[in-house]
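Data file: model.pdb. Format and content: PDB, C-alpha atoms.
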MODEL        1
ATOM      1  CA  MET A  16      -6.006 -19.150 -17.420
ATOM      2  CA  GLU A  17      -3.485 -16.422 -18.148
ATOM      3  CA  THR A  18      -4.438 -13.107 -16.619
ATOM      4  CA  ARG A  19      -5.499 -10.538 -19.201
ATOM      5  CA  ILE A  20      -3.933  -7.076 -19.377
ATOM      6  CA  PHE A  21      -6.608  -4.451 -20.117
ATOM      7  CA  LYS A  22      -5.498  -1.271 -21.872
ATOM      8  CA  LEU A  23      -7.098   2.054 -20.956
ATOM      9  CA  ASN A  24      -9.366   1.872 -24.011
ATOM     10  CA  GLU A  25     -10.732  -1.436 -22.693
ATOM     11  CA  ILE A  26     -12.254  -0.182 -19.431
ATOM     12  CA  ASP A  27     -15.719  -1.268 -20.600
ATOM     13  CA  GLN A  28     -14.531  -4.887 -20.800
ATOM     14  CA  ALA A  29     -12.829  -4.633 -17.415
ATOM     15  CA  ALA A  30     -16.028  -3.216 -15.889
ATOM     16  CA  GLN A  31     -18.076  -6.042 -17.388
ATOM     17  CA  ALA A  32     -15.693  -8.549 -15.805
ATOM     18  CA  ILE A  33     -16.283  -6.887 -12.414
ATOM     19  CA  LYS A  34     -20.063  -7.095 -12.988
ATOM     20  CA  ASP A  35     -19.638 -10.789 -13.835
ATOM     21  CA  GLY A  36     -17.986 -11.458 -10.479
ATOM     22  CA  GLN A  37     -14.429 -11.644 -11.782
ATOM     23  CA  LEU A  38     -11.334 -10.190 -10.126
ATOM     24  CA  VAL A  39      -9.671  -7.283 -11.936
ATOM     25  CA  ALA A  40      -6.657  -5.432 -10.539
ATOM     26  CA  PHE A  41      -6.833  -1.680 -10.969
ATOM     27  CA  PRO A  42      -4.454   1.281 -10.706
ATOM     28  CA  THR A  43      -4.618   4.083  -8.178
ATOM     29  CA  GLU A  44      -2.248   6.924  -7.388
ATOM     30  CA  THR A  45      -0.883   4.863  -4.455
ATOM     31  CA  VAL A  46      -0.557   1.181  -5.423
ATOM     32  CA  TYR A  47      -2.490  -1.268  -7.596
ATOM     33  CA  GLY A  48      -5.592  -2.745  -5.942
ATOM     34  CA  LEU A  49      -7.221  -6.141  -6.429
ATOM     35  CA  GLY A  50     -10.759  -5.316  -7.451
ATOM     36  CA  ALA A  51     -14.052  -7.119  -7.013
ATOM     37  CA  ASP A  52     -17.685  -6.032  -6.741
ATOM     38  CA  ALA A  53     -18.011  -5.034  -3.066
ATOM     39  CA  THR A  54     -21.668  -6.172  -3.101
ATOM     40  CA  ASN A  55     -20.851  -9.671  -4.429
ATOM     41  CA  GLU A  56     -19.851 -11.821  -1.455
ATOM     42  CA  ALA A  57     -18.560 -14.709  -3.567
ATOM     43  CA  ALA A  58     -16.325 -12.361  -5.571
ATOM     44  CA  VAL A  59     -15.008 -10.747  -2.392
ATOM     45  CA  LYS A  60     -14.161 -14.158  -0.917
ATOM     46  CA  ASN A  61     -12.139 -14.870  -4.060
ATOM     47  CA  VAL A  62     -10.058 -11.752  -3.354
ATOM     48  CA  TYR A  63      -8.913 -13.314  -0.078
ATOM     49  CA  LEU A  64      -8.191 -16.610  -1.819
ATOM     50  CA  ALA A  65      -6.209 -15.043  -4.670
ATOM     51  CA  LYS A  66      -4.024 -13.060  -2.270
ATOM     52  CA  GLY A  67      -3.753 -15.674   0.461
ATOM     53  CA  ARG A  68      -5.073 -12.949   2.764
ATOM     54  CA  PRO A  69      -6.313 -13.653   6.314
ATOM     55  CA  SER A  70     -10.100 -13.401   6.422
ATOM     56  CA  ASP A  71     -10.096 -11.030   9.434
ATOM     57  CA  ASN A  72      -8.137  -8.384   7.514
ATOM     58  CA  PRO A  73     -10.836  -5.926   6.339
ATOM     59  CA  LEU A  74     -10.939  -4.517   2.820
ATOM     60  CA  ILE A  75     -11.047  -0.911   1.633
ATOM     61  CA  VAL A  76     -14.105  -0.045  -0.466
ATOM     62  CA  HIS A  77     -13.288   2.223  -3.417
ATOM     63  CA  VAL A  78     -15.974   4.637  -4.590
ATOM     64  CA  ALA A  79     -16.373   7.186  -7.351
ATOM     65  CA  SER A  80     -18.664   9.618  -5.515
ATOM     66  CA  ILE A  81     -19.711  10.655  -2.025
ATOM     67  CA  GLU A  82     -23.230   9.505  -2.938
ATOM     68  CA  MET A  83     -21.840   5.982  -3.207
ATOM     69  CA  VAL A  84     -20.621   6.238   0.405
ATOM     70  CA  GLU A  85     -24.067   7.439   1.500
ATOM     71  CA  ARG A  86     -25.615   4.166   0.294
ATOM     72  CA  TYR A  87     -23.689   2.232   2.947
ATOM     73  CA  ALA A  88     -22.583   4.584   5.745
ATOM     74  CA  ALA A  89     -24.876   4.850   8.768
ATOM     75  CA  GLU A  90     -23.954   8.524   8.872
ATOM     76  CA  ILE A  91     -21.286  10.794   7.469
ATOM     77  CA  PRO A  92     -20.227  13.189  10.219
ATOM     78  CA  ASN A  93     -19.377  16.770   9.373
ATOM     79  CA  SER A  94     -15.676  16.086   9.975
ATOM     80  CA  ALA A  95     -15.765  13.388   7.307
ATOM     81  CA  ARG A  96     -17.472  15.684   4.806
ATOM     82  CA  GLN A  97     -14.861  18.377   5.461
ATOM     83  CA  LEU A  98     -12.063  15.890   4.805
ATOM     84  CA  MET A  99     -13.778  14.527   1.696
ATOM     85  CA  LYS A 100     -13.991  18.075   0.343
ATOM     86  CA  ALA A 101     -10.323  18.722   1.133
ATOM     87  CA  PHE A 102      -8.702  15.436   0.111
ATOM     88  CA  TRP A 103     -11.037  13.456  -2.187
ATOM     89  CA  PRO A 104     -10.249  12.234  -4.705
ATOM     90  CA  GLY A 105      -6.962  11.368  -3.076
ATOM     91  CA  SER A 106      -4.866   9.225  -0.774
ATOM     92  CA  LEU A 107      -7.136   9.344   2.282
ATOM     93  CA  THR A 108      -9.226   6.396   3.437
ATOM     94  CA  ILE A 109     -11.975   7.135   5.970
ATOM     95  CA  ILE A 110     -13.468   4.531   8.314
ATOM     96  CA  LEU A 111     -17.160   5.031   9.074
ATOM     97  CA  LYS A 112     -19.936   3.080  10.755
ATOM     98  CA  ILE A 113     -22.123   1.355   8.185
ATOM     99  CA  LYS A 114     -25.802   0.571   7.901
ATOM    100  CA  PRO A 115     -26.390  -2.899   9.383
ATOM    101  CA  GLY A 116     -26.339  -5.553   6.652
ATOM    102  CA  SER A 117     -25.467  -3.103   3.886
ATOM    103  CA  LEU A 118     -22.151  -4.824   3.138
ATOM    104  CA  SER A 119     -21.047  -8.394   3.716
ATOM    105  CA  LYS A 120     -18.991  -9.329   6.779
ATOM    106  CA  THR A 121     -16.501 -10.647   4.245
ATOM    107  CA  VAL A 122     -15.819  -7.014   3.310
ATOM    108  CA  THR A 123     -15.791  -5.636   6.858
ATOM    109  CA  GLY A 124     -13.937  -8.464   8.602
ATOM    110  CA  GLY A 125     -17.056  -8.849  10.751
ATOM    111  CA  LEU A 126     -16.877  -5.272  12.056
ATOM    112  CA  ALA A 127     -19.650  -2.658  12.076
ATOM    113  CA  THR A 128     -17.393  -0.251  10.198
ATOM    114  CA  VAL A 129     -15.911  -0.042   6.729
ATOM    115  CA  ALA A 130     -13.074   1.935   5.137
ATOM    116  CA  PHE A 131     -13.984   4.108   2.125
ATOM    117  CA  ARG A 132     -11.634   5.670  -0.416
ATOM    118  CA  TYR A 133     -12.179   7.850  -3.488
ATOM    119  CA  PRO A 134      -8.930   7.323  -5.448
ATOM    120  CA  ASP A 135      -7.247  10.035  -7.505
ATOM    121  CA  CYS A 136      -7.006   7.944 -10.673
ATOM    122  CA  GLN A 137      -9.443   8.644 -13.492
ATOM    123  CA  PRO A 138      -9.260   5.197 -15.168
ATOM    124  CA  THR A 139     -10.293   3.541 -11.908
ATOM    125  CA  LEU A 140     -13.068   6.061 -11.279
ATOM    126  CA  ASP A 141     -14.310   5.252 -14.791
ATOM    127  CA  LEU A 142     -14.096   1.530 -13.959
ATOM    128  CA  ILE A 143     -16.198   1.975 -10.810
ATOM    129  CA  LEU A 144     -18.798   4.121 -12.587
ATOM    130  CA  LYS A 145     -19.087   1.719 -15.518
ATOM    131  CA  ALA A 146     -19.366  -1.276 -13.184
ATOM    132  CA  GLY A 147     -22.005   0.637 -11.200
ATOM    133  CA  VAL A 148     -20.810  -0.712  -7.841
ATOM    134  CA  PRO A 149     -18.145   0.121  -5.278
ATOM    135  CA  ILE A 150     -15.054  -2.033  -5.664
ATOM    136  CA  VAL A 151     -13.040  -3.609  -2.860
ATOM    137  CA  GLY A 152      -9.337  -3.149  -3.383
ATOM    138  CA  PRO A 153      -6.600  -4.526  -1.161
ATOM    139  CA  SER A 154      -3.147  -4.277  -2.693
ATOM    140  CA  ALA A 155      -2.920  -6.605  -5.697
ATOM    141  CA  ASN A 156      -0.064  -8.751  -4.477
ATOM    142  CA  THR A 157       0.498 -12.037  -2.708
ATOM    143  CA  SER A 158      -0.285 -11.334   0.941
ATOM    144  CA  GLY A 159       2.779 -10.215   2.891
ATOM    145  CA  LYS A 160       4.851  -9.284  -0.172
ATOM    146  CA  PRO A 161       5.743  -5.718  -1.246
ATOM    147  CA  SER A 162       2.757  -3.888  -2.689
ATOM    148  CA  PRO A 163       2.583  -3.559  -6.501
ATOM    149  CA  THR A 164       3.233  -0.210  -8.166
ATOM    150  CA  THR A 165       3.043  -1.462 -11.777
ATOM    151  CA  ALA A 166       0.775  -3.845 -13.666
ATOM    152  CA  GLN A 167       3.825  -6.068 -14.175
ATOM    153  CA  HIS A 168       4.210  -6.441 -10.384
ATOM    154  CA  VAL A 169       0.588  -7.629 -10.208
ATOM    155  CA  PHE A 170       1.097 -10.039 -13.103
ATOM    156  CA  HIS A 171       4.202 -11.458 -11.376
ATOM    157  CA  ASP A 172       2.224 -12.321  -8.229
ATOM    158  CA  LEU A 173      -1.260 -13.109  -9.488
ATOM    159  CA  ASN A 174      -1.022 -14.364 -13.075
ATOM    160  CA  GLY A 175      -3.508 -17.202 -13.441
ATOM    161  CA  LYS A 176      -5.257 -16.327 -10.166
ATOM    162  CA  ILE A 177      -7.255 -13.300 -11.365
ATOM    163  CA  PHE A 178      -9.138 -12.438 -14.546
ATOM    164  CA  GLY A 179      -7.403  -9.214 -15.519
ATOM    165  CA  ILE A 180      -5.325  -6.119 -14.768
ATOM    166  CA  LEU A 181      -6.148  -2.579 -15.888
ATOM    167  CA  ASP A 182      -2.742  -1.128 -16.807
ATOM    168  CA  ASN A 183      -2.156   2.583 -16.169
ATOM    169  CA  GLY A 184       1.633   2.464 -15.873
ATOM    170  CA  PRO A 185       3.566   3.120 -12.645
ATOM    171  CA  THR A 186       1.708   4.642  -9.696
ATOM    172  CA  ARG A 187       2.644   8.148  -8.515
ATOM    173  CA  VAL A 188       2.656   7.961  -4.716
ATOM    174  CA  GLY A 189       3.887   4.403  -4.207
ATOM    175  CA  VAL A 190       2.679   3.811  -0.618
ATOM    176  CA  GLU A 191      -0.873   3.017   0.396
ATOM    177  CA  SER A 192      -3.359   5.645   1.514
ATOM    178  CA  THR A 193      -3.629   7.199   4.952
ATOM    179  CA  VAL A 194      -6.338   5.400   6.936
ATOM    180  CA  LEU A 195      -8.281   7.636   9.340
ATOM    181  CA  ASP A 196     -10.806   6.196  11.787
ATOM    182  CA  LEU A 197     -13.822   8.484  12.182
ATOM    183  CA  SER A 198     -16.058   5.803  13.720
ATOM    184  CA  THR A 199     -14.935   6.696  17.259
ATOM    185  CA  PRO A 200     -15.232   9.945  19.267
ATOM    186  CA  GLN A 201     -11.514  10.742  18.822
ATOM    187  CA  PRO A 202     -10.317  10.482  15.213
ATOM    188  CA  ALA A 203      -7.130   8.440  14.802
ATOM    189  CA  ILE A 204      -4.748   7.588  11.993
ATOM    190  CA  LEU A 205      -4.491   3.808  11.833
ATOM    191  CA  ARG A 206      -2.067   3.790   8.901
ATOM    192  CA  PRO A 207       0.019   6.777   7.752
ATOM    193  CA  GLY A 208       0.109   7.712   4.089
ATOM    194  CA  ALA A 209       0.593  10.642   1.736
ATOM    195  CA  VAL A 210      -2.089  12.728   3.465
ATOM    196  CA  THR A 211      -0.280  13.668   6.654
ATOM    197  CA  LYS A 212      -1.426  14.133  10.240
ATOM    198  CA  ALA A 213      -0.688  17.875   9.978
ATOM    199  CA  GLN A 214      -2.794  18.195   6.825
ATOM    200  CA  ILE A 215      -5.744  16.410   8.428
ATOM    201  CA  GLU A 216      -5.460  18.478  11.616
ATOM    202  CA  SER A 217      -5.500  21.663   9.544
ATOM    203  CA  VAL A 218      -9.048  20.701   8.518
ATOM    204  CA  ILE A 219     -10.649  19.034  11.576
ATOM    205  CA  GLY A 220      -8.341  19.780  14.520
ATOM    206  CA  SER A 221      -6.446  17.402  16.794
ATOM    207  CA  ILE A 222      -6.282  13.701  15.932
ATOM    208  CA  ASP A 223      -4.422  10.711  17.358
ATOM    209  CA  LEU A 224      -1.756   8.581  15.699
ATOM    210  CA  ASP A 225      -2.842   5.119  16.821
ATOM    211  CA  GLN A 226       0.153   3.058  17.974
ATOM    212  CA  HIS A 227      -2.108   0.214  19.114
ATOM    213  CA  HIS A 228      -0.772  -3.301  18.556
ATOM    214  CA  VAL A 229      -3.549  -5.579  17.319
ATOM    215  CA  GLY A 230      -3.723  -8.770  19.360
ATOM    216  CA  THR A 231      -3.778 -12.309  17.974
ATOM    217  CA  ASN A 232      -7.526 -12.716  18.453
ATOM    218  CA  GLU A 233      -8.444  -9.131  17.578
ATOM    219  CA  THR A 234      -9.806  -8.027  14.210
ATOM    220  CA  PRO A 235      -7.918  -4.995  12.848
ATOM    221  CA  LYS A 236     -10.019  -2.020  11.734
ATOM    222  CA  ALA A 237      -7.684  -1.235   8.833
ATOM    223  CA  PRO A 238      -5.327  -3.136   6.540
ATOM    224  CA  GLY A 239      -1.673  -3.346   7.550
ATOM    225  CA  MET A 240      -2.242  -3.259  11.319
ATOM    226  CA  LYS A 241      -1.878  -6.916  12.283
ATOM    227  CA  TYR A 242       0.006  -9.075   9.823
ATOM    228  CA  ARG A 243       3.515  -9.036   8.361
ATOM    229  CA  HIS A 244       3.620  -6.897   5.240
ATOM    230  CA  TYR A 245       5.828  -5.642   2.442
ATOM    231  CA  ALA A 246       8.531  -8.283   2.943
ATOM    232  CA  PRO A 247      10.753  -9.612   0.148
ATOM    233  CA  GLY A 248      12.227 -13.101   0.342
ATOM    234  CA  VAL A 249      15.492 -12.052   2.060
ATOM    235  CA  PRO A 250      16.092 -10.064   5.266
ATOM    236  CA  VAL A 251      15.796  -6.273   5.176
ATOM    237  CA  ALA A 252      17.613  -3.963   7.596
ATOM    238  CA  ILE A 253      17.135  -0.218   8.048
ATOM    239  CA  VAL A 254      20.140   2.076   7.889
ATOM    240  CA  ASP A 255      19.210   4.771  10.395
ATOM    241  CA  PRO A 256      19.601   8.445   9.358
ATOM    242  CA  GLN A 257      22.482   9.044  11.770
ATOM    243  CA  THR A 258      24.513   6.091  10.425
ATOM    244  CA  ASN A 259      27.794   6.831   8.642
ATOM    245  CA  TRP A 260      27.393   5.284   5.210
ATOM    246  CA  GLN A 261      31.149   4.793   4.949
ATOM    247  CA  SER A 262      30.787   2.097   7.621
ATOM    248  CA  VAL A 263      27.970   0.514   5.591
ATOM    249  CA  ASN A 264      30.178   0.495   2.511
ATOM    250  CA  ALA A 265      33.060  -1.081   4.426
ATOM    251  CA  TRP A 266      30.809  -3.737   5.983
ATOM    252  CA  ILE A 267      29.425  -4.769   2.597
ATOM    253  CA  GLU A 268      32.929  -5.159   1.186
ATOM    254  CA  GLU A 269      33.700  -7.721   3.910
ATOM    255  CA  GLN A 270      30.655  -9.864   3.143
ATOM    256  CA  PRO A 271      31.062 -13.128   1.195
ATOM    257  CA  SER A 272      27.774 -12.671  -0.688
ATOM    258  CA  LYS A 273      25.942  -9.923  -2.554
ATOM    259  CA  VAL A 274      24.108  -7.260  -0.540
ATOM    260  CA  GLY A 275      21.353  -5.018  -1.874
ATOM    261  CA  VAL A 276      21.565  -1.301  -1.153
ATOM    262  CA  MET A 277      18.569   1.032  -1.459
ATOM    263  CA  ALA A 278      19.346   4.697  -0.844
ATOM    264  CA  GLU A 279      18.855   8.183  -2.236
ATOM    265  CA  LYS A 280      20.991   9.234  -5.185
ATOM    266  CA  GLN A 281      23.218  11.585  -3.208
ATOM    267  CA  ILE A 282      24.288   8.736  -0.921
ATOM    268  CA  LEU A 283      24.835   6.275  -3.757
ATOM    269  CA  ASP A 284      26.886   8.837  -5.681
ATOM    270  CA  ALA A 285      29.092   9.633  -2.674
ATOM    271  CA  PHE A 286      30.893   6.282  -2.603
ATOM    272  CA  SER A 287      32.672   3.782  -4.776
ATOM    273  CA  TRP A 288      30.682   0.657  -3.948
ATOM    274  CA  PRO A 289      32.284  -2.810  -3.775
ATOM    275  CA  ASP A 290      31.561  -5.364  -6.492
ATOM    276  CA  ASN A 291      29.226  -7.346  -4.238
ATOM    277  CA  ALA A 292      26.924  -4.337  -3.653
ATOM    278  CA  VAL A 293      23.802  -4.346  -5.835
ATOM    279  CA  ILE A 294      22.491  -0.785  -6.017
ATOM    280  CA  TYR A 295      18.923   0.543  -6.312
ATOM    281  CA  SER A 296      18.285   4.292  -6.257
ATOM    282  CA  LEU A 297      15.458   5.735  -4.171
ATOM    283  CA  GLY A 298      15.700   8.994  -6.098
ATOM    284  CA  GLU A 299      16.220  12.529  -4.826
ATOM    285  CA  ASP A 300      13.912  12.978  -1.811
ATOM    286  CA  VAL A 301      11.253  11.445   0.422
ATOM    287  CA  SER A 302       8.614  11.674  -2.313
ATOM    288  CA  ASP A 303      10.833   9.730  -4.704
ATOM    289  CA  ALA A 304      11.809   7.272  -1.994
ATOM    290  CA  SER A 305       8.171   6.539  -1.160
ATOM    291  CA  SER A 306       7.267   5.952  -4.793
ATOM    292  CA  HIS A 307      10.288   3.659  -5.327
ATOM    293  CA  LEU A 308      10.318   1.688  -2.063
ATOM    294  CA  PHE A 309       8.113  -1.226  -3.081
ATOM    295  CA  ALA A 310       9.532  -1.397  -6.590
ATOM    296  CA  GLY A 311      13.026  -1.615  -5.105
ATOM    297  CA  LEU A 312      12.085  -4.406  -2.719
ATOM    298  CA  ARG A 313      10.545  -6.281  -5.623
ATOM    299  CA  PHE A 314      13.670  -5.693  -7.727
ATOM    300  CA  PHE A 315      15.750  -7.457  -5.096
ATOM    301  CA  ASP A 316      13.248 -10.295  -4.834
ATOM    302  CA  ASP A 317      14.299 -11.159  -8.392
ATOM    303  CA  GLN A 318      18.046 -10.998  -7.622
ATOM    304  CA  LYS A 319      18.544 -14.582  -6.535
ATOM    305  CA  ASP A 320      22.142 -14.087  -5.378
ATOM    306  CA  VAL A 321      21.367 -11.150  -3.040
ATOM    307  CA  VAL A 322      21.182 -12.467   0.525
ATOM    308  CA  SER A 323      20.201  -9.286   2.386
ATOM    309  CA  ILE A 324      19.004  -5.740   1.701
ATOM    310  CA  LEU A 325      20.021  -2.507   3.420
ATOM    311  CA  VAL A 326      17.539   0.344   3.036
ATOM    312  CA  GLN A 327      17.996   4.006   3.936
ATOM    313  CA  GLY A 328      15.850   5.166   6.831
ATOM    314  CA  LEU A 329      14.356   8.662   6.715
ATOM    315  CA  ASP A 330      12.983  11.154   9.214
ATOM    316  CA  ALA A 331       9.516   9.863  10.150
ATOM    317  CA  THR A 332       7.666  13.157   9.651
ATOM    318  CA  GLY A 333       5.207  14.121   6.928
ATOM    319  CA  LEU A 334       5.366  11.623   4.066
ATOM    320  CA  GLY A 335       8.403  10.130   5.829
ATOM    321  CA  ALA A 336       6.008   8.674   8.429
ATOM    322  CA  ALA A 337       4.340   6.570   5.728
ATOM    323  CA  TYR A 338       7.699   5.578   4.226
ATOM    324  CA  MET A 339       9.077   4.481   7.589
ATOM    325  CA  ASN A 340       5.850   2.680   8.526
ATOM    326  CA  ARG A 341       6.184   0.464   5.434
ATOM    327  CA  LEU A 342       9.947   0.065   5.770
ATOM    328  CA  ASN A 343       9.704  -0.930   9.444
ATOM    329  CA  LYS A 344       7.142  -3.595   8.592
ATOM    330  CA  SER A 345       9.284  -4.852   5.712
ATOM    331  CA  ALA A 346      12.354  -5.054   7.960
ATOM    332  CA  GLY A 347      10.498  -6.577  10.891
ATOM    333  CA  GLY A 348      12.227  -4.035  13.146
ATOM    334  CA  ARG A 349      15.757  -4.924  12.040
ATOM    335  CA  HIS A 350      18.354  -2.117  11.915
ATOM    336  CA  PHE A 351      21.863  -2.143  10.508
ATOM    337  CA  GLU A 352      24.572  -1.893  13.152
ATOM    338  CA  ALA A 353      28.130  -1.250  12.060
ATOM    339  CA  PRO A 354      30.567  -3.653  13.769
ATOM    340  CA  VAL A 355      32.772  -2.122  16.437
ATOM    341  CA  LYS A 356      36.412  -2.230  15.366
TER     342      LYS A 356
ENDMDL
END

Write the structure described by the file as structure tokens, please.
Amino acid sequence: METRIFKLNEIDQAAQAIKDGQLVAFPTETVYGLGADATNEAAVKNVYLAKGRPSDNPLIVHVASIEMVERYAAEIPNSARQLMKAFWPGSLTIILKIKPGSLSKTVTGGLATVAFRYPDCQPTLDLILKAGVPIVGPSANTSGKPSPTTAQHVFHDLNGKIFGILDNGPTRVGVESTVLDLSTPQPAILRPGAVTKAQIESVIGSIDLDQHHVGTNETPKAPGMKYRHYAPGVPVAIVDPQTNWQSVNAWIEEQPSKVGVMAEKQILDAFSWPDNAVIYSLGEDVSDASSHLFAGLRFFDDQKDVVSILVQGLDATGLGAAYMNRLNKSAGGRHFEAPVK
């Protein structure tokens, strides 16, 4: 079976496939998600199989209205309603306690909570409304690989494993949503995204940024907390903001193989790069860099002669926190160190 590409005028057919228990990848403003009927346990299990995703990694449930959340949430606290009013539709996922038995443990990872998101992407909202059910939606990639920001990225990873892909072109934000846990007395960000800690605190007051490391036998409450993510097939190293890029340039020139370089335009334009440097621009600023990060990592996955990738690190504030969260996971904590002469 070759995976079908649905055009925007074919949302009815894509919605029918969801109703029929098929898997259909869908666009959002962040990344493409791998969609299935959240109320169909067999379909949800197939999401894990298609991705090769660990079964204790819970799924985000995408909705097209607050009323859809009310069907499943045990309660929606006032803080959640304030945030929904401020940031929905948008790049904020909210974890709430759910009504016992209202959603399968396959969706929740066996937890008594679930993560809800109302994406800022009209074609996907139309898909959910036409399907008449909430749709689970982990990133539509092979588990552990860089998240997909185009339909072509999804097709590359999942062709033949899923029924279809709803194509809405490149995503705008490029990194997954902020995940905020409101199921505990003290709200905490479990995964940073485009909606920042400062923005959330401007609505509901002080929140935590959870730095908790999820143990081997512990079920994470949100995606991206436990397992290796966003990694291409060759090593990635972060070039810290204080690093002199002249030393990076000189180091690359001494290497016997090709090295990928991902950096903002002003850095790339400042040097004459050696022939063995393969360049990928992250654009003009942190917003551009966030939207291009995964696409760049995927670009280098297809460059078979590139043996390592150096990626510009940014200040981890605001949207930079989300960018650095994904880059750190992709690099596995590796940082470029210029050799001492």

CA of Ile143 (chain A) to CA of Ala32 (chain A), straight-line distance in Å: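 Those two atoms sit 11.7 Å apart.
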
Given the file shown, determine the residues that the PyMOL selection byres ((chain A and resi 305-311) around 9) selects; report them as an MDAnalysis selection string. chainID A and resid 45 161:165 168 186:190 245 277 295:298 300:304 312:316 326 334:335 337:338 341:342

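Residues matched by the PyMOL selection byres ((chain A and resi 102-106) around 7) in this file are Thr45, Leu98, Met99, Lys100, Ala101, Leu107, Thr108, Tyr133, Pro134, Asp135, Ser192, Thr193, Ala209 and Val210 of chain A.
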
One-decimal distance in Å that lies between CA of Ile294 (chain A) and CA of Asp320 (chain A):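 Taking CA of Asp320 (chain A) as the start and CA of Ile294 (chain A) as the end point, the length is 13.3 Å.
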
Distance in Å - CA of Met16 (chain A) versus CA of Gly179 (chain A):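 Separation between CA of Met16 (chain A) and CA of Gly179 (chain A): 10.2 Å.
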
Shortest interatomic distance to Asn93 (chain A) - which of A:Ile26, A:Leu111, A:Val194, A:Gly67, counting only C-alpha atoms: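 Once distances to Asn93 (chain A) are computed over only C-alpha atoms, the minimum belongs to A:Leu111.
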
Matched chain/residue IDs from the PyMOL selection byres ((chain A and resi 260) around 10), as a PDB file with C-alpha atoms, in the frame of the given file:
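Wrote selection_3.pdb, looks like this:
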ATOM      1  CA  VAL A 254      20.140   2.076   7.889  1.00  0.00           C
ATOM      2  CA  ASP A 255      19.210   4.771  10.395  1.00  0.00           C
ATOM      3  CA  PRO A 256      19.601   8.445   9.358  1.00  0.00           C
ATOM      4  CA  GLN A 257      22.482   9.044  11.770  1.00  0.00           C
ATOM      5  CA  THR A 258      24.513   6.091  10.425  1.00  0.00           C
ATOM      6  CA  ASN A 259      27.794   6.831   8.642  1.00  0.00           C
ATOM      7  CA  GLN A 261      31.149   4.793   4.949  1.00  0.00           C
ATOM      8  CA  SER A 262      30.787   2.097   7.621  1.00  0.00           C
ATOM      9  CA  VAL A 263      27.970   0.514   5.591  1.00  0.00           C
ATOM     10  CA  ASN A 264      30.178   0.495   2.511  1.00  0.00           C
ATOM     11  CA  ALA A 265      33.060  -1.081   4.426  1.00  0.00           C
ATOM     12  CA  TRP A 266      30.809  -3.737   5.983  1.00  0.00           C
ATOM     13  CA  ILE A 282      24.288   8.736  -0.921  1.00  0.00           C
ATOM     14  CA  LEU A 283      24.835   6.275  -3.757  1.00  0.00           C
ATOM     15  CA  ALA A 285      29.092   9.633  -2.674  1.00  0.00           C
ATOM     16  CA  PHE A 286      30.893   6.282  -2.603  1.00  0.00           C
ATOM     17  CA  GLN A 327      17.996   4.006   3.936  1.00  0.00           C
ATOM     18  CA  ALA A 353      28.130  -1.250  12.060  1.00  0.00           C
TER      19      ALA A 353
END

Exercise: Ser94 (chain A) partners within 12 Å, only C-alpha atoms, chain neighbours under 4 positions left out, as a VMD selection string: chain A and resid 90 98 to 101 109 to 111 195 to 202 215 to 222

Subset file: region 60-70 of chain A, N, CA and C atoms, as a tab-separated table (two decimals), in the first residue's frame:
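This went into result_12.tsv:
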chain	number	residue	atom	x	y	z
A	60	LYS	N	-3.53	1.79	18.82
A	60	LYS	CA	-2.42	0.84	18.90
A	60	LYS	C	-1.61	0.83	17.61
A	61	ASN	N	-2.29	1.01	16.48
A	61	ASN	CA	-1.59	1.04	15.19
A	61	ASN	C	-0.69	2.26	15.05
A	62	VAL	N	-1.04	3.35	15.76
A	62	VAL	CA	-0.16	4.53	15.76
A	62	VAL	C	1.20	4.16	16.36
A	63	TYR	N	1.18	3.46	17.49
A	63	TYR	CA	2.43	3.03	18.11
A	63	TYR	C	3.23	2.11	17.18
A	64	LEU	N	2.52	1.21	16.52
A	64	LEU	CA	3.19	0.26	15.63
A	64	LEU	C	3.82	0.97	14.44
A	65	ALA	N	3.08	1.90	13.84
A	65	ALA	CA	3.58	2.60	12.65
A	65	ALA	C	4.83	3.41	12.96
A	66	LYS	N	4.84	4.03	14.14
A	66	LYS	CA	5.98	4.87	14.53
A	66	LYS	C	7.13	4.07	15.13
A	67	GLY	N	6.84	2.87	15.65
A	67	GLY	CA	7.82	2.18	16.46
A	67	GLY	C	7.98	2.87	17.79
A	68	ARG	N	6.86	3.35	18.34
A	68	ARG	CA	6.86	4.18	19.55
A	68	ARG	C	6.66	3.31	20.78
A	69	PRO	N	7.43	3.56	21.87
A	69	PRO	CA	7.21	2.81	23.10
A	69	PRO	C	5.78	3.01	23.62
A	70	SER	N	5.19	1.94	24.13
A	70	SER	CA	3.77	1.97	24.50
A	70	SER	C	3.51	2.78	25.77
